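For reference, the structure is listed below as structure tokens.
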Amino acid sequence: MNSFAFFGAIETGFIFALVALAVFISFRILDFPDLTVDGSFPLGAAVAASMIVADFHPLTATTCACLAGAMAGTVTAWLNVKLKILHLLASILTMIALYSVNLRIMDGPNKALLGVETLLTPLDNLSFMPYYIAYPLAFGVFALLILALVIWFLQSEVGLAMRATGANPRMARANGVNTSCMVILGMAISNALVALAGALFAQSQGSADVTMGVGVIVIGLASVIGGEALLSTRTLFKWALACVLGSILYRMVIAFALNGEMLGLKAQDLNLITAILVTLAIVAPGLTAKTKAKLSTILNAKAKQGQE
Amino acid sequence: MQTRLYYIGIYLLSMFVTTVQAAPDSKYVAITQIVEHPALDAVRKGVKDVLSEAGWNEGDNLKWDYQSAQGATATASQIAKKFAGDNPDIIVAIATPSAQAVVSSARQTNIVFSAVTDPVGAKLVKAWDQPSKNVTGVSDLTPINLHLEFIKEVMPEAKSLGVIYNPGEANSVSLIKLVKQYGPAHNLKVVEAVSPKSADIQAAARSLLGKVDVIYLPTDNTVISAMEGIIKIAEQAKIPVFAGDTDSVKRGAVAALGFNYYQVGRQTGQVVASILNGKSPQDIPVQGIDKTELFVNPNAALRMGLTLHEDIIARAKEVIK
């Protein structure tokens, strides 16, 4: 792996860490399996790219992308809590609707941002650092900032009410929590984060494309679950941090799998190798603990024999 | 916890394994493709065939690194970054999302894109005749200019050309823009008839009667799906219908100049070969399709009151009986 690929993986990893945090809020905190993500990621990209091309300031464009994502999340939650549609179906409905919405927003399947001024343009020609290191660094600082915000929020009074809603909705209601409100708020925050990731990704890779949402939810889930295997989930901080690490791990695995030709693997094997490597990364730490335990029992037994 | 960190450390270290470099006198071509698809695979094969005819063979004096993003845009961006760091002689990027990812990541490497319909709209280059210092390529835009030239060759006396399309299809709108742009150069007045639904197609065709000498059907999904309605009216009124795609010729159009993606790939391969031979991308304008395949239907032509010249029939790749 070369340094471009290495820093590139970290950059993409930090952007998708926002998706991982969003999935963490919907799946883990609210216990709401939300597939809207596949639509709100390109939605954020589409809004940001279209507005930047229409000469809005990149910061305004990125903020509007976040708001658009929050709206998408609100629609899903509203379908669920007000119209009583099953959460999974509600999110699928929003996701497929967003495909058409995104085509409308971009007035076509693709909106290019190459050579246009974006949030990242100031990082292009830094005297002390090449852009391919400046990008991941900026995204890293930003992702950790968002991580801190998410943790701060989840420990606030509203955040605690939201956690209660996910953990035990009946009990939460009995304690005076408006659970419907909490679901709507949580989904809005979650999808705003996803749209933010989409907006940043479009600016980093030079275009928004209507197909860029395919499989984003799968990546988010893999990051959350992979991260949980790496770090303990005992405290909220570690749990959320695990999501960020999981996202970077996933990107590292892909960057590594792209070098498969050394092992005689071909381009079409990429997804299979990625799946196997993620499995190994998740299972390996547990395996070693087991082997250690086995070893120590054998050693203990031997020691006992020696004593006798 | 410590063992976990230890394993993560080993894991990260193992990733710094560098790939084996090819011999210095050989060439290194990296090729990225957004997804596996018959048309895109044909482009890749075309590039490789031309390179091997030019004396660069994989495993011998050519390092050929092919990666597919398998449909994931984020992976396309990671492939682009890997290629940027691998520093190949040329990166070939097939289809718009892969090309945009490469242009945004690899700023020093020579890049040749292919199968991109609108390279200017995709911001890969400023203009067709103005490639960037490291980026040029081949577009798969329908060669409207060649189509009009051909119509004029078959019917030199034609003065006005009717086009039928659905204004809701972005692709058709841009094709019609080109028809209007190139029409005057071929002494053709362009008359538009719009058909927002398949059901409106006969009304659209009738609106052209008496106003046009020839009808051209762009590759518009709405129009093509119901083109038999147009053919019927055109046969009654004896107005020849030309099409933008070869399948329509089998369904009753007079003729069409089509293209196939393997040829697009071969054309891309020639651009790649000339850059490998030392030419700079900024000296090679972006190319449109230059090799077309002629499909003709002489019987359909007769029904529309047009006799196709023998030379033209002889030139056809396929003659529909």
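Residue numbering restarts at 1 for every chain of the structure tokens, chains are lettered A, B, ... in their displayed order, and ligands are numbered from 1 as they appear.
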Residues within 10 Å of Asn102 of chain A, please, as a CSV table (one decimal) with N, CA and C atoms, in the first residue's frame. Count only C-alpha atoms; anything in the same chain fewer than 5 positions from it doesn't count.
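Final output, saved to part-v3.csv:
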```
chain,number,residue,atom,x,y,z
A,39,GLY,N,-30.5,6.8,0.8
A,39,GLY,CA,-31.0,7.9,0.1
A,39,GLY,C,-30.5,9.2,0.6
A,40,SER,N,-30.3,9.3,1.9
A,40,SER,CA,-29.9,10.6,2.4
A,40,SER,C,-28.5,10.9,2.2
A,42,PRO,N,-26.7,10.3,-0.8
A,42,PRO,CA,-26.7,11.1,-2.1
A,42,PRO,C,-27.5,12.4,-2.0
A,43,LEU,N,-28.5,12.4,-1.1
A,43,LEU,CA,-29.3,13.6,-1.0
A,43,LEU,C,-28.4,14.8,-0.5
A,44,GLY,N,-27.6,14.5,0.5
A,44,GLY,CA,-26.6,15.5,1.0
A,44,GLY,C,-25.7,15.9,-0.1
A,45,ALA,N,-25.2,14.9,-0.8
A,45,ALA,CA,-24.2,15.2,-1.9
A,45,ALA,C,-24.9,16.1,-3.0
A,46,ALA,N,-26.1,15.7,-3.3
A,46,ALA,CA,-26.9,16.4,-4.4
A,46,ALA,C,-27.1,17.8,-4.0
A,47,VAL,N,-27.6,18.0,-2.8
A,47,VAL,CA,-27.9,19.4,-2.4
A,47,VAL,C,-26.7,20.3,-2.4
A,97,ALA,N,-38.0,7.0,-2.5
A,97,ALA,CA,-38.5,8.3,-3.0
A,97,ALA,C,-37.3,9.2,-3.2
A,107,ASP,N,-30.9,17.7,-11.4
A,107,ASP,CA,-31.4,17.9,-12.8
A,107,ASP,C,-30.6,16.9,-13.7
A,108,GLY,N,-30.4,15.7,-13.3
A,108,GLY,CA,-29.6,14.7,-14.0
A,108,GLY,C,-29.0,13.8,-13.0
A,109,PRO,N,-28.3,12.8,-13.5
A,109,PRO,CA,-27.7,11.8,-12.6
A,109,PRO,C,-26.4,12.2,-11.9
A,110,ASN,N,-25.8,13.2,-12.4
A,110,ASN,CA,-24.4,13.5,-11.9
A,110,ASN,C,-24.2,15.0,-11.9
A,208,ALA,N,-21.2,14.7,-7.3
A,208,ALA,CA,-22.3,14.0,-6.6
A,208,ALA,C,-22.9,13.1,-7.7
A,209,ASP,N,-23.2,11.9,-7.4
A,209,ASP,CA,-23.8,10.9,-8.3
A,209,ASP,C,-25.0,10.3,-7.7
A,210,VAL,N,-26.0,10.0,-8.5
A,210,VAL,CA,-27.3,9.5,-7.9
A,210,VAL,C,-27.0,8.1,-7.4
A,211,THR,N,-26.0,7.4,-7.9
A,211,THR,CA,-25.8,6.0,-7.5
A,211,THR,C,-24.9,5.9,-6.3
```
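Near chain B, counting only C-alpha atoms at 6 Å, the chain A residues are A:Met1, A:Asn2, A:Phe4, A:Ala5, A:Gly8, A:Ala112, A:Leu114, A:Gln205, A:Gly206, A:Met212, A:Ala267, A:Pro285.
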Inset, instruction - Once DSSP has gone over the backbone, tell me which residues of segment 8-220 of chain B are in strand (DSSP E or B), as a ChimeraX atom specification. - result: /B:27-33,58,62-68,90-94,110-116,127,130,135-139,160-165,189-194,214-217
Legend entry - Sel. of alpha helix (DSSP H) residues, segment 21-199 of chain A, as number ranges by chain: A: 21-23, 37-53, 58-81, 87-106, 131-155, 157-167, 169-174, 179-199
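Using only C-alpha atoms, the smallest distance between any of B:Ser280, B:Val92, B:Val179, B:Lys211 and Ile34 of chain B comes from B:Val92.
Of note, atom CA of Ile96 of chain A and atom CA of Ser172 of chain B are spaced 24.9 Å apart.
Taking only C-alpha atoms into account, Val319 of chain B lies nearest to B:Ala300 out of the set B:Val264, B:Ala300, B:Leu146, B:Ile111.
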Inset, instruction - Quick one: everything within 8 Å of segment 217-225 of chain B, counting only C-alpha atoms, minus sequence neighbours fewer than 4 positions away in the same chain. Send it as a VMD selection string. - result: chain B and resid 163 to 166 169 171 to 172 175 to 176 195 to 198 201 241 to 245 248
Legend entry - For Gln282 of chain B: contacts at 10 Å, only C-alpha atoms, fewer than 3 positions along chain excluded, given as a PyMOL selection string: chain B and resi 110+129-136+279+285-286
Write the residues of the preceding selection, restricted to C-alpha atoms, as a short mmCIF file (atom, residue, chain, number, x, y, z; two decimals), in the first residue's frame.
```cif
data_model
loop_
_atom_site.label_atom_id
_atom_site.label_comp_id
_atom_site.auth_asym_id
_atom_site.auth_seq_id
_atom_site.Cartn_x
_atom_site.Cartn_y
_atom_site.Cartn_z
CA ASN B 110 -1.64 11.18 -17.06
CA ASP B 129 -10.56 20.89 -27.90
CA GLN B 130 -9.02 22.06 -24.62
CA PRO B 131 -7.82 18.99 -22.67
CA SER B 132 -6.10 19.63 -19.31
CA LYS B 133 -2.37 19.22 -18.87
CA ASN B 134 -2.84 15.62 -17.69
CA VAL B 135 -6.37 14.69 -18.79
CA THR B 136 -7.88 13.71 -22.14
CA LYS B 279 2.80 12.60 -26.42
CA PRO B 285 -8.16 16.88 -28.00
CA VAL B 286 -11.02 14.90 -26.49
#
```
Inset, instruction - Mind checking which residues fall within 8 Å of Ala197 of chain A, counting only C-alpha atoms, ignoring those fewer than 6 positions away in the same chain, and posting them as a count of residues only? - result: 6
Legend entry - Shell around Val190 of chain B at 7 Å using only C-alpha atoms, local window under 3 positions removed, as a ChimeraX atom specification: /B:160-162,180,183
How would the residues just picked look written out with N, CA and C atoms as a short mmCIF file (atom, residue, chain, number, x, y, z; two decimals), in the first residue's frame?
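Result written to again.cif:
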```cif
data_model
loop_
_atom_site.label_atom_id
_atom_site.label_comp_id
_atom_site.auth_asym_id
_atom_site.auth_seq_id
_atom_site.Cartn_x
_atom_site.Cartn_y
_atom_site.Cartn_z
N SER B 160 -34.97 20.18 -45.14
CA SER B 160 -35.43 20.31 -43.76
C SER B 160 -35.50 18.94 -43.10
N LEU B 161 -35.14 18.93 -41.82
CA LEU B 161 -35.03 17.68 -41.08
C LEU B 161 -35.97 17.74 -39.87
N GLY B 162 -36.83 16.74 -39.73
CA GLY B 162 -37.71 16.68 -38.57
C GLY B 162 -37.12 15.80 -37.50
N LYS B 180 -29.46 20.74 -33.64
CA LYS B 180 -29.69 22.13 -34.04
C LYS B 180 -28.36 22.86 -34.28
N GLY B 183 -27.03 21.12 -37.71
CA GLY B 183 -27.94 21.15 -38.85
C GLY B 183 -27.56 22.19 -39.91
#
```
Legend entry - Length of the atom CA of Val154 of chain B to atom CA of Val296 of chain B vector [Å]: 11.3 Å
Legend entry - Polymer residues at most 12 Å from Leu137 of chain A, only C-alpha atoms, same-chain spacing of 3 or more positions, as a PyMOL selection string: chain A and resi 7-15+120+123+129-134+140-144
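Here atom CA of Ile90 of chain B and atom CA of Glu261 of chain A stand 18.5 Å from one another.
Shortest separation to Asp38 of chain A among A:Pro58, A:Gly69, A:Gly246, A:Pro122 occurs at residue A:Gly69, atoms counted being only C-alpha atoms.
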